[in-house]
file coords_20.cif (mmCIF, C-alpha atoms and all ligand atoms)
data_target
loop_
_atom_site.group_PDB
_atom_site.id
_atom_site.type_symbol
_atom_site.label_atom_id
_atom_site.label_comp_id
_atom_site.auth_asym_id
_atom_site.auth_seq_id
_atom_site.Cartn_x
_atom_site.Cartn_y
_atom_site.Cartn_z
ATOM 1 C CA MET A 1 -77.750 -11.350 78.271
ATOM 2 C CA ALA A 2 -77.997 -14.772 76.641
ATOM 3 C CA THR A 3 -79.055 -13.283 73.333
ATOM 4 C CA ARG A 4 -76.313 -10.733 73.546
ATOM 5 C CA TYR A 5 -73.906 -13.574 74.240
ATOM 6 C CA LYS A 6 -75.311 -15.486 71.269
ATOM 7 C CA LYS A 7 -75.028 -12.399 69.124
ATOM 8 C CA ASN A 8 -71.486 -11.944 70.276
ATOM 9 C CA LYS A 9 -70.779 -15.605 69.659
ATOM 10 C CA ARG A 10 -72.282 -15.365 66.165
ATOM 11 C CA LYS A 11 -70.266 -12.265 65.565
ATOM 12 C CA ASN A 12 -67.125 -14.051 66.726
ATOM 13 C CA VAL A 13 -67.907 -17.014 64.484
ATOM 14 C CA SER A 14 -68.525 -14.791 61.480
ATOM 15 C CA VAL A 15 -65.300 -12.911 62.162
ATOM 16 C CA TYR A 16 -63.533 -16.248 62.442
ATOM 17 C CA ILE A 17 -65.032 -17.467 59.154
ATOM 18 C CA TRP A 18 -64.208 -14.223 57.370
ATOM 19 C CA SER A 19 -60.677 -14.395 58.672
ATOM 20 C CA ILE A 20 -60.270 -17.933 57.320
ATOM 21 C CA LEU A 21 -61.775 -16.892 53.997
ATOM 22 C CA ILE A 22 -59.432 -13.916 53.738
ATOM 23 C CA ILE A 23 -56.447 -16.125 54.608
ATOM 24 C CA LEU A 24 -57.537 -18.724 52.077
ATOM 25 C CA LEU A 25 -58.133 -16.115 49.406
ATOM 26 C CA THR A 26 -54.803 -14.471 50.130
ATOM 27 C CA ALA A 27 -53.010 -17.798 50.091
ATOM 28 C CA GLY A 28 -54.911 -18.819 46.984
ATOM 29 C CA ALA A 29 -54.104 -15.597 45.241
ATOM 30 C CA ALA A 30 -50.478 -15.884 46.267
ATOM 31 C CA GLY A 31 -50.415 -19.496 45.134
ATOM 32 C CA ALA A 32 -52.080 -18.630 41.880
ATOM 33 C CA GLY A 33 -49.725 -15.730 41.451
ATOM 34 C CA ALA A 34 -46.741 -17.935 42.168
ATOM 35 C CA TRP A 35 -48.018 -20.584 39.785
ATOM 36 C CA LEU A 36 -48.604 -17.979 37.119
ATOM 37 C CA GLY A 37 -45.110 -16.684 37.709
ATOM 38 C CA VAL A 38 -43.563 -20.123 37.264
ATOM 39 C CA TYR A 39 -45.745 -20.821 34.244
ATOM 40 C CA ALA A 40 -44.883 -17.514 32.678
ATOM 41 C CA ALA A 41 -41.195 -18.064 33.404
ATOM 42 C CA GLN A 42 -41.353 -21.472 31.746
ATOM 43 C CA GLN A 43 -43.180 -20.019 28.787
ATOM 44 C CA SER A 44 -40.750 -17.163 28.436
ATOM 45 C CA ALA A 45 -37.802 -19.541 28.710
ATOM 46 C CA SER A 46 -39.123 -21.854 26.033
ATOM 47 C CA GLN A 47 -40.904 -19.297 23.899
ATOM 48 C CA PRO A 48 -39.469 -15.846 24.522
ATOM 49 C CA GLU A 49 -41.514 -14.234 21.769
ATOM 50 C CA VAL A 50 -44.826 -15.473 23.223
ATOM 51 C CA THR A 51 -44.120 -14.083 26.729
ATOM 52 C CA GLU A 52 -44.065 -10.594 25.384
ATOM 53 C CA GLU A 53 -47.695 -11.024 24.377
ATOM 54 C CA THR A 54 -48.923 -12.756 27.587
ATOM 55 C CA GLY A 55 -48.256 -9.846 29.964
ATOM 56 C CA GLY A 56 -48.339 -10.127 33.778
ATOM 57 C CA ILE A 57 -45.876 -9.690 36.603
ATOM 58 C CA ALA A 58 -43.752 -12.676 35.719
ATOM 59 C CA VAL A 59 -43.595 -11.541 32.114
ATOM 60 C CA THR A 60 -42.428 -8.047 32.930
ATOM 61 C CA GLU A 61 -39.729 -9.584 35.107
ATOM 62 C CA GLU A 62 -38.730 -11.843 32.242
ATOM 63 C CA THR A 63 -38.819 -9.106 29.661
ATOM 64 C CA GLU A 64 -36.305 -7.187 31.741
ATOM 65 C CA GLN A 65 -33.784 -9.962 31.263
ATOM 66 C CA PRO A 66 -33.779 -9.822 27.479
ATOM 67 C CA GLU A 67 -33.406 -6.062 27.823
ATOM 68 C CA GLU A 68 -30.373 -6.616 30.006
ATOM 69 C CA GLU A 69 -29.120 -9.148 27.503
ATOM 70 C CA GLU A 70 -29.690 -6.620 24.782
ATOM 71 C CA LYS A 71 -27.872 -4.017 26.819
ATOM 72 C CA GLN A 72 -24.856 -6.265 27.215
ATOM 73 C CA PRO A 73 -24.080 -6.396 23.508
ATOM 74 C CA VAL A 74 -24.214 -2.586 23.375
ATOM 75 C CA PRO A 75 -20.733 -2.102 24.847
ATOM 76 C CA GLU A 76 -19.621 -4.984 22.643
ATOM 77 C CA GLU A 77 -21.002 -3.153 19.648
ATOM 78 C CA GLY A 78 -19.265 -0.073 20.963
ATOM 79 C CA THR A 79 -15.973 -1.908 21.121
ATOM 80 C CA GLU A 80 -16.701 -3.379 17.739
ATOM 81 C CA GLU A 81 -17.370 0.068 16.375
ATOM 82 C CA ALA A 82 -14.138 1.377 17.823
ATOM 83 C CA PRO A 83 -11.961 -1.026 15.809
ATOM 84 C CA GLU A 84 -14.123 -0.205 12.793
ATOM 85 C CA THR A 85 -13.059 3.406 13.061
ATOM 86 C CA GLU A 86 -9.512 2.229 13.694
ATOM 87 C CA ASP A 87 -9.651 -0.111 10.738
ATOM 88 C CA PRO A 88 -8.891 2.636 8.215
ATOM 89 C CA LEU A 89 -5.943 3.615 10.404
ATOM 90 C CA ILE A 90 -4.757 0.033 10.313
ATOM 91 C CA GLU A 91 -5.355 -0.072 6.594
ATOM 92 C CA GLU A 92 -3.271 3.051 6.063
ATOM 93 C CA PRO A 93 0.014 1.381 7.003
ATOM 94 C CA ALA A 94 -1.293 -1.592 5.047
ATOM 95 C CA GLU A 95 -1.361 0.727 2.059
ATOM 96 C CA GLU A 96 2.267 1.503 2.733
ATOM 97 C CA GLU A 97 3.118 -2.176 2.709
ATOM 98 C CA PRO A 98 2.546 -2.522 -1.026
ATOM 99 C CA VAL A 99 5.235 0.134 -1.451
ATOM 100 C CA THR A 100 7.785 -2.224 0.065
ATOM 101 C CA GLU A 101 6.087 -5.121 -1.669
ATOM 102 C CA GLU A 102 6.325 -3.243 -4.934
ATOM 103 C CA LEU A 103 10.076 -3.690 -4.933
ATOM 104 C CA PRO A 104 9.893 -7.354 -5.975
ATOM 105 C CA VAL A 105 7.357 -6.387 -8.662
ATOM 106 C CA ASP A 106 8.832 -6.912 -12.081
ATOM 107 C CA ARG A 107 9.374 -3.427 -13.495
ATOM 108 C CA THR A 108 10.831 -4.897 -16.650
ATOM 109 C CA ILE A 109 7.227 -5.303 -17.774
ATOM 110 C CA TYR A 110 5.428 -2.330 -19.264
ATOM 111 C CA PRO A 111 2.059 -1.450 -17.716
ATOM 112 C CA GLU A 112 -0.728 -2.805 -19.899
ATOM 113 C CA GLU A 113 -2.481 0.498 -20.312
ATOM 114 C CA ILE A 114 -0.273 3.540 -20.190
ATOM 115 C CA GLU A 115 -1.270 6.844 -21.668
ATOM 116 C CA PRO A 116 1.460 9.153 -22.958
ATOM 117 C CA PRO A 117 1.614 11.984 -20.413
ATOM 118 C CA ALA A 118 1.148 15.635 -21.301
ATOM 119 C CA GLU A 119 4.042 16.603 -19.024
ATOM 120 C CA PRO A 120 7.207 14.759 -17.969
ATOM 121 C CA THR A 121 7.260 13.221 -14.479
ATOM 122 C CA ILE A 122 9.550 14.965 -12.002
ATOM 123 C CA ILE A 123 9.932 13.487 -8.488
ATOM 124 C CA GLN A 124 12.118 15.210 -5.876
ATOM 125 C CA GLY A 125 13.499 17.339 -8.677
ATOM 126 C CA VAL A 126 14.513 14.257 -10.670
ATOM 127 C CA LEU A 127 13.179 13.856 -14.207
ATOM 128 C CA LEU A 128 11.957 10.302 -14.686
ATOM 129 C CA ALA A 129 11.937 8.065 -17.721
ATOM 130 C CA ASN A 130 11.447 4.340 -17.272
ATOM 131 C CA LYS A 131 8.920 1.679 -18.230
ATOM 132 C CA GLN A 132 6.372 3.015 -15.745
ATOM 133 C CA TYR A 133 6.957 6.734 -16.389
ATOM 134 C CA PRO A 134 7.193 7.625 -20.071
ATOM 135 C CA LEU A 135 8.001 11.044 -21.476
ATOM 136 C CA PRO A 136 5.706 13.000 -23.770
ATOM 137 C CA GLU A 137 6.419 12.393 -27.439
ATOM 138 C CA ASP A 138 7.160 16.079 -27.969
ATOM 139 C CA TYR A 139 9.581 16.307 -25.035
ATOM 140 C CA ALA A 140 12.806 17.134 -26.861
ATOM 141 C CA PRO A 141 15.240 19.070 -24.660
ATOM 142 C CA GLY A 142 18.416 17.962 -26.433
ATOM 143 C CA GLU A 143 21.585 17.078 -24.549
ATOM 144 C CA ASN A 144 21.609 18.690 -21.108
ATOM 145 C CA ALA A 145 24.324 21.350 -20.885
ATOM 146 C CA GLU A 146 24.908 20.885 -17.150
ATOM 147 C CA ALA A 147 25.288 17.147 -17.616
ATOM 148 C CA ARG A 148 27.710 17.683 -20.514
ATOM 149 C CA ALA A 149 29.821 20.056 -18.404
ATOM 150 C CA ALA A 150 29.879 17.510 -15.569
ATOM 151 C CA PHE A 151 30.929 14.786 -18.003
ATOM 152 C CA GLU A 152 33.808 16.901 -19.301
ATOM 153 C CA GLN A 153 35.024 17.466 -15.726
ATOM 154 C CA MET A 154 34.755 13.738 -15.065
ATOM 155 C CA ALA A 155 36.611 12.890 -18.274
ATOM 156 C CA ALA A 156 39.372 15.313 -17.283
ATOM 157 C CA ALA A 157 39.692 13.662 -13.869
ATOM 158 C CA ALA A 158 39.787 10.187 -15.453
ATOM 159 C CA GLU A 159 42.403 11.313 -17.962
ATOM 160 C CA GLN A 160 44.753 12.124 -15.085
ATOM 161 C CA GLU A 161 44.654 8.419 -14.291
ATOM 162 C CA GLY A 162 45.266 7.392 -17.887
ATOM 163 C CA ILE A 163 41.625 6.691 -18.743
ATOM 164 C CA GLU A 164 40.200 8.389 -21.818
ATOM 165 C CA LEU A 165 36.429 8.447 -21.463
ATOM 166 C CA VAL A 166 34.089 9.058 -24.366
ATOM 167 C CA ALA A 167 30.330 9.568 -24.370
ATOM 168 C CA PHE A 168 29.312 7.625 -27.451
ATOM 169 C CA SER A 169 25.544 8.159 -27.075
ATOM 170 C CA THR A 170 23.690 10.850 -25.142
ATOM 171 C CA TYR A 171 20.463 12.568 -26.205
ATOM 172 C CA ARG A 172 18.048 10.649 -28.390
ATOM 173 C CA SER A 173 14.758 12.023 -29.678
ATOM 174 C CA PHE A 174 11.473 10.118 -29.438
ATOM 175 C CA ALA A 175 11.609 9.495 -33.203
ATOM 176 C CA ARG A 176 15.194 8.170 -33.050
ATOM 177 C CA GLN A 177 14.322 5.843 -30.162
ATOM 178 C CA LYS A 178 11.319 4.611 -32.129
ATOM 179 C CA GLU A 179 13.583 3.682 -35.049
ATOM 180 C CA LEU A 180 16.067 1.919 -32.772
ATOM 181 C CA TYR A 181 13.484 -0.036 -30.781
ATOM 182 C CA GLU A 182 11.539 -1.159 -33.820
ATOM 183 C CA GLY A 183 14.791 -2.281 -35.437
ATOM 184 C CA TYR A 184 15.779 -4.326 -32.357
ATOM 185 C CA ALA A 185 12.268 -5.778 -32.023
ATOM 186 C CA ALA A 186 12.266 -6.828 -35.676
ATOM 187 C CA ARG A 187 15.673 -8.480 -35.257
ATOM 188 C CA ASP A 188 15.389 -10.108 -31.785
ATOM 189 C CA GLY A 189 11.676 -10.006 -31.020
ATOM 190 C CA ALA A 190 9.892 -7.519 -28.764
ATOM 191 C CA ALA A 191 10.474 -9.533 -25.562
ATOM 192 C CA ALA A 192 14.243 -9.587 -26.048
ATOM 193 C CA ALA A 193 14.358 -5.974 -27.238
ATOM 194 C CA ASP A 194 12.467 -4.856 -24.117
ATOM 195 C CA ARG A 195 15.347 -6.093 -21.956
ATOM 196 C CA TYR A 196 18.018 -3.881 -23.498
ATOM 197 C CA SER A 197 16.152 -1.190 -25.415
ATOM 198 C CA ALA A 198 13.404 1.171 -24.370
ATOM 199 C CA ARG A 199 10.216 1.690 -26.269
ATOM 200 C CA PRO A 200 9.881 5.254 -27.590
ATOM 201 C CA GLY A 201 8.962 7.643 -24.773
ATOM 202 C CA HIS A 202 10.458 5.318 -22.147
ATOM 203 C CA SER A 203 14.132 5.910 -22.916
ATOM 204 C CA GLU A 204 16.200 7.845 -20.422
ATOM 205 C CA HIS A 205 18.209 9.135 -23.361
ATOM 206 C CA GLN A 206 15.221 11.305 -24.280
ATOM 207 C CA THR A 207 15.812 13.273 -21.055
ATOM 208 C CA GLY A 208 19.182 14.524 -22.350
ATOM 209 C CA LEU A 209 20.665 13.427 -19.008
ATOM 210 C CA ALA A 210 21.776 9.892 -19.914
ATOM 211 C CA PHE A 211 25.327 9.271 -21.144
ATOM 212 C CA ASP A 212 26.531 5.988 -22.594
ATOM 213 C CA ILE A 213 30.221 5.996 -21.745
ATOM 214 C CA GLY A 214 33.143 3.948 -23.016
ATOM 215 C CA GLU A 215 36.876 4.243 -23.400
ATOM 216 C CA GLU A 216 38.527 5.715 -26.443
ATOM 217 C CA GLY A 217 40.098 2.979 -28.523
ATOM 218 C CA GLN A 218 38.132 0.191 -26.793
ATOM 219 C CA GLU A 219 35.063 0.188 -28.984
ATOM 220 C CA GLU A 220 34.732 -3.578 -28.544
ATOM 221 C CA ASN A 221 33.577 -2.926 -24.963
ATOM 222 C CA TRP A 222 31.137 -0.140 -25.795
ATOM 223 C CA ALA A 223 27.570 -0.947 -24.802
ATOM 224 C CA SER A 224 28.799 -4.256 -23.402
ATOM 225 C CA SER A 225 28.760 -5.633 -19.863
ATOM 226 C CA SER A 226 32.490 -6.312 -20.372
ATOM 227 C CA PHE A 227 33.095 -2.562 -20.011
ATOM 228 C CA GLY A 228 32.333 -2.903 -16.289
ATOM 229 C CA GLU A 229 35.431 -5.089 -15.893
ATOM 230 C CA THR A 230 37.776 -2.660 -17.641
ATOM 231 C CA ALA A 231 39.800 0.030 -15.855
ATOM 232 C CA GLY A 232 37.503 2.696 -17.307
ATOM 233 C CA GLY A 233 34.329 0.894 -16.220
ATOM 234 C CA GLU A 234 35.643 0.302 -12.701
ATOM 235 C CA TRP A 235 36.847 3.900 -12.383
ATOM 236 C CA LEU A 236 33.389 5.175 -13.379
ATOM 237 C CA ALA A 237 31.607 2.866 -10.947
ATOM 238 C CA ASP A 238 33.789 4.244 -8.143
ATOM 239 C CA ASN A 239 33.942 7.934 -9.117
ATOM 240 C CA ALA A 240 31.008 8.954 -11.330
ATOM 241 C CA HIS A 241 28.909 10.044 -8.333
ATOM 242 C CA LYS A 242 31.469 12.751 -7.500
ATOM 243 C CA PHE A 243 30.480 14.410 -10.774
ATOM 244 C CA GLY A 244 26.730 13.858 -10.388
ATOM 245 C CA PHE A 245 26.402 10.624 -12.393
ATOM 246 C CA ILE A 246 24.995 7.277 -11.257
ATOM 247 C CA LEU A 247 25.355 3.816 -12.756
ATOM 248 C CA ARG A 248 21.700 3.731 -13.719
ATOM 249 C CA TYR A 249 21.111 0.004 -14.275
ATOM 250 C CA PRO A 250 23.262 -1.923 -11.785
ATOM 251 C CA GLU A 251 23.774 -5.674 -11.903
ATOM 252 C CA GLY A 252 21.037 -7.693 -10.177
ATOM 253 C CA LYS A 253 18.555 -4.795 -10.092
ATOM 254 C CA GLU A 254 16.809 -5.519 -13.369
ATOM 255 C CA LYS A 255 13.388 -5.987 -11.780
ATOM 256 C CA ILE A 256 13.705 -2.675 -9.929
ATOM 257 C CA THR A 257 15.055 -0.480 -12.713
ATOM 258 C CA GLY A 258 13.324 -2.370 -15.506
ATOM 259 C CA TYR A 259 16.545 -2.893 -17.469
ATOM 260 C CA MET A 260 19.347 -5.411 -17.533
ATOM 261 C CA TYR A 261 22.770 -4.469 -16.211
ATOM 262 C CA GLU A 262 24.299 -1.711 -18.316
ATOM 263 C CA SER A 263 27.848 -0.990 -17.185
ATOM 264 C CA TRP A 264 28.075 1.884 -19.698
ATOM 265 C CA HIS A 265 24.820 3.782 -19.054
ATOM 266 C CA PHE A 266 25.222 6.693 -16.635
ATOM 267 C CA ARG A 267 22.558 9.152 -15.627
ATOM 268 C CA TYR A 268 23.194 12.697 -14.437
ATOM 269 C CA VAL A 269 21.189 13.514 -11.269
ATOM 270 C CA GLY A 270 23.525 16.039 -9.639
ATOM 271 C CA GLU A 271 26.311 15.462 -7.140
ATOM 272 C CA GLU A 272 24.163 15.390 -3.985
ATOM 273 C CA ILE A 273 21.679 12.741 -5.119
ATOM 274 C CA ALA A 274 24.336 10.764 -6.979
ATOM 275 C CA THR A 275 26.484 10.583 -3.843
ATOM 276 C CA ALA A 276 23.527 9.500 -1.675
ATOM 277 C CA ILE A 277 22.544 6.799 -4.161
ATOM 278 C CA HIS A 278 26.152 5.595 -4.491
ATOM 279 C CA GLU A 279 26.815 5.486 -0.738
ATOM 280 C CA GLN A 280 23.533 3.707 0.031
ATOM 281 C CA GLY A 281 23.906 1.264 -2.842
ATOM 282 C CA LEU A 282 20.476 2.142 -4.223
ATOM 283 C CA THR A 283 18.905 2.447 -7.628
ATOM 284 C CA LEU A 284 17.160 5.670 -8.643
ATOM 285 C CA GLU A 285 13.783 3.952 -8.220
ATOM 286 C CA GLU A 286 14.667 2.867 -4.683
ATOM 287 C CA TYR A 287 16.028 6.297 -3.788
ATOM 288 C CA LEU A 288 12.845 7.995 -4.991
ATOM 289 C CA ASP A 289 10.732 5.214 -3.444
ATOM 290 C CA ILE A 290 8.672 4.726 -6.578
HETATM 291 ZN ZN ZN A 301 22.091 4.235 -22.444
#
call {"tool": "encode", "arguments": {"input": "coords_20.cif", "output": "structure tokens"}}
result
Amino acid sequence: MATRYKKNKRKNVSVYIWSILIILLTAGAAGAGAWLGVYAAQQSASQPEVTEETGGIAVTEETEQPEEEEKQPVPEEGTEEAPETEDPLIEEPAEEEPVTEELPVDRTIYPEEIEPPAEPTIIQGVLLANKQYPLPEDYAPGENAEARAAFEQMAAAAEQEGIELVAFSTYRSFARQKELYEGYAARDGAAAADRYSARPGHSEHQTGLAFDIGEEGQEENWASSSFGETAGGEWLADNAHKFGFILRYPEGKEKITGYMYESWHFRYVGEEIATAIHEQGLTLEEYLDI
């Protein structure tokens, strides 16, 4: 019985010792694990790139954080990408802005490089000829019959009010305009000539739709700003649109039309457009938004 007791006692002691060892090992392992975790966390905090190579529980926990951090910018990138796709949409109205900003642009200056076009420019049914839109050299339609008929009607209406209108210059060919411009440039210099005379191809008179108008017997006011202050000039400014003509180069619009005020230069565009331009106080360039 005593031996059995001893055996039992030994067994109890060994169980006791094993239990302590297991507890110690467990605690030690836990402690070591905890220490490793703290160490790894410190390492990953100070040297994030190194932690990826060390491995271990603490490292995998730490590597999840950078992943989460990487995930966070994703929606930011998404929101950044969204404006990127919207950017062209924002830029589109920005492209429209230069159109309104173009108005202050000085159209009295010829574009540096401008090729003579093969065909005349027609916008909204309106034939264009200015410093930006030249006509082909071989465009030679002669005086426009419809415009001439409209002028005769207008002259008849003016005559009823005691005003005798005369169209002293209408159609001019490219060659004739070349002669005129070169003569003016030789006399006054090209810069001065560019203000009151068009270079060949850029004259509205080549369209056959431009009429320089004065009063019979008042030649001193022909092709002069003083015509605008005469009865004939004032009558035209008020009534020309009813017959399809517009005062083509109004006062103060030189940088829009490209030419100084010409109280005598009228352009036939048809009654509808002429009336719209007159009532809105626009130039042809503004009306066509060019
Ligand atoms: Zn003219």
call {"tool": "atom_distance", "arguments": {"input": "coords_20.cif", "atom1": "atom CA of A:Pro136", "atom2": "atom CA of A:Ala149"}}
result
25.7 Å
call {"tool": "residues_near_ligand", "arguments": {"input": "coords_20.cif", "ligand": "ligand ZN 301 (chain A)", "cutoff": "9 Å", "atoms": "all atoms listed in the file", "output": "number ranges by chain"}}
result
A: 169-170, 197, 203-205, 210-213, 223, 248, 262, 264-267
call {"tool": "closest_residue", "arguments": {"input": "coords_20.cif", "among": "A:Tyr171, A:Phe243, A:Tyr196, A:Tyr181", "to": "A:Ala156", "atoms": "only C-alpha atoms"}}
result
A:Phe243
call {"tool": "closest_residue", "arguments": {"input": "coords_20.cif", "among": "A:Ala274, A:Thr283, A:Tyr249, A:Ala155", "to": "A:Gly232", "atoms": "only C-alpha atoms"}}
result
A:Ala155
call {"tool": "residues_near_point", "arguments": {"input": "coords_20.cif", "point": "(43.9, 4.4, -10.8)", "cutoff": "8 Å", "atoms": "all atoms listed in the file", "output": "list in words"}}
result
Glu161, Gly162, Ala231 and Trp235 of chain A
call {"tool": "residues_around", "arguments": {"input": "coords_20.cif", "residues": "A:Glu286", "least_positions_apart": "2", "cutoff": "9 Å", "atoms": "all atoms listed in the file", "output": "PyMOL selection string"}}
result
chain A and resi 103+256-257+277+282-284+288-290
call {"tool": "atom_distance", "arguments": {"input": "coords_20.cif", "atom1": "atom CA of A:Glu215", "atom2": "atom CA of A:Leu247"}}
result
15.7 Å
call {"tool": "residues_around", "arguments": {"input": "coords_20.cif", "residues": "A:Met154", "least_positions_apart": "6", "cutoff": "12 Å", "atoms": "all atoms listed in the file", "output": "CSV table (one decimal) with C-alpha atoms, in the frame of the given file"}}
result
chain,number,residue,atom,x,y,z
A,147,ALA,CA,25.3,17.1,-17.6
A,148,ARG,CA,27.7,17.7,-20.5
A,160,GLN,CA,44.8,12.1,-15.1
A,161,GLU,CA,44.7,8.4,-14.3
A,163,ILE,CA,41.6,6.7,-18.7
A,164,GLU,CA,40.2,8.4,-21.8
A,165,LEU,CA,36.4,8.4,-21.5
A,166,VAL,CA,34.1,9.1,-24.4
A,167,ALA,CA,30.3,9.6,-24.4
A,213,ILE,CA,30.2,6.0,-21.7
A,232,GLY,CA,37.5,2.7,-17.3
A,235,TRP,CA,36.8,3.9,-12.4
A,236,LEU,CA,33.4,5.2,-13.4
A,238,ASP,CA,33.8,4.2,-8.1
A,239,ASN,CA,33.9,7.9,-9.1
A,240,ALA,CA,31.0,9.0,-11.3
A,241,HIS,CA,28.9,10.0,-8.3
A,242,LYS,CA,31.5,12.8,-7.5
A,243,PHE,CA,30.5,14.4,-10.8
A,244,GLY,CA,26.7,13.9,-10.4
A,245,PHE,CA,26.4,10.6,-12.4
A,266,PHE,CA,25.2,6.7,-16.6
A,268,TYR,CA,23.2,12.7,-14.4
A,271,GLU,CA,26.3,15.5,-7.1
call {"tool": "atom_distance", "arguments": {"input": "coords_20.cif", "atom1": "atom CA of A:Gly125", "atom2": "atom CA of A:Val269"}}
result
9.0 Å
call {"tool": "residues_around", "arguments": {"input": "coords_20.cif", "residues": "A:Pro117", "least_positions_apart": "2", "cutoff": "12 Å", "atoms": "only C-alpha atoms", "output": "list in words"}}
result
Ile114, Glu115, Glu119, Pro120, Thr121, Ile122, Leu128, Ala129, Gln132, Tyr133, Pro134, Leu135, Pro136, Glu137, Asp138, Tyr139, Gly201 and His202 of chain A
call {"tool": "decode", "arguments": {"input": "coords_20.cif", "residues": "stretch 219-236 of chain A", "atoms": "N, CA and C atoms", "output": "mmCIF file, in the first residue's frame"}}
result
data_model
loop_
_atom_site.group_PDB
_atom_site.id
_atom_site.type_symbol
_atom_site.label_atom_id
_atom_site.label_comp_id
_atom_site.auth_asym_id
_atom_site.auth_seq_id
_atom_site.Cartn_x
_atom_site.Cartn_y
_atom_site.Cartn_z
ATOM 1 N N GLU A 219 -21.078 116.003 -103.286
ATOM 2 C CA GLU A 219 -19.884 115.171 -103.460
ATOM 3 C C GLU A 219 -18.833 115.400 -102.373
ATOM 4 N N GLU A 220 -18.872 116.579 -101.760
ATOM 5 C CA GLU A 220 -17.879 116.876 -100.710
ATOM 6 C C GLU A 220 -18.033 115.942 -99.502
ATOM 7 N N ASN A 221 -19.223 115.351 -99.359
ATOM 8 C CA ASN A 221 -19.447 114.431 -98.231
ATOM 9 C C ASN A 221 -19.323 112.954 -98.619
ATOM 10 N N TRP A 222 -19.061 112.702 -99.897
ATOM 11 C CA TRP A 222 -18.935 111.305 -100.322
ATOM 12 C C TRP A 222 -17.695 110.677 -99.676
ATOM 13 N N ALA A 223 -17.863 109.459 -99.238
ATOM 14 C CA ALA A 223 -16.757 108.717 -98.612
ATOM 15 C C ALA A 223 -16.128 109.508 -97.466
ATOM 16 N N SER A 224 -16.991 110.237 -96.750
ATOM 17 C CA SER A 224 -16.522 111.026 -95.607
ATOM 18 C C SER A 224 -17.446 110.771 -94.417
ATOM 19 N N SER A 225 -16.862 110.791 -93.213
ATOM 20 C CA SER A 225 -17.687 110.575 -92.020
ATOM 21 C C SER A 225 -18.732 111.675 -91.881
ATOM 22 N N SER A 226 -18.481 112.830 -92.518
ATOM 23 C CA SER A 226 -19.431 113.954 -92.444
ATOM 24 C C SER A 226 -20.781 113.589 -93.070
ATOM 25 N N PHE A 227 -20.784 112.606 -93.976
ATOM 26 C CA PHE A 227 -22.040 112.196 -94.602
ATOM 27 C C PHE A 227 -23.040 111.698 -93.555
ATOM 28 N N GLY A 228 -22.534 111.078 -92.496
ATOM 29 C CA GLY A 228 -23.401 110.556 -91.439
ATOM 30 C C GLY A 228 -24.196 111.636 -90.731
ATOM 31 N N GLU A 229 -23.731 112.884 -90.820
ATOM 32 C CA GLU A 229 -24.421 113.993 -90.141
ATOM 33 C C GLU A 229 -25.346 114.764 -91.077
ATOM 34 N N THR A 230 -25.371 114.350 -92.350
ATOM 35 C CA THR A 230 -26.279 115.002 -93.300
ATOM 36 C C THR A 230 -27.654 114.339 -93.231
ATOM 37 N N ALA A 231 -28.641 114.989 -93.860
ATOM 38 C CA ALA A 231 -30.003 114.433 -93.874
ATOM 39 C C ALA A 231 -30.013 113.066 -94.548
ATOM 40 N N GLY A 232 -29.240 112.960 -95.650
ATOM 41 C CA GLY A 232 -29.179 111.691 -96.383
ATOM 42 C C GLY A 232 -28.553 110.581 -95.544
ATOM 43 N N GLY A 233 -27.460 110.910 -94.856
ATOM 44 C CA GLY A 233 -26.768 109.925 -94.022
ATOM 45 C C GLY A 233 -27.631 109.458 -92.861
ATOM 46 N N GLU A 234 -28.350 110.420 -92.248
ATOM 47 C CA GLU A 234 -29.211 110.068 -91.112
ATOM 48 C C GLU A 234 -30.412 109.243 -91.570
ATOM 49 N N TRP A 235 -30.946 109.615 -92.753
ATOM 50 C CA TRP A 235 -32.098 108.864 -93.282
ATOM 51 C C TRP A 235 -31.688 107.412 -93.555
ATOM 52 N N LEU A 236 -30.518 107.219 -94.129
ATOM 53 C CA LEU A 236 -30.029 105.865 -94.422
ATOM 54 C C LEU A 236 -29.823 105.055 -93.140
#
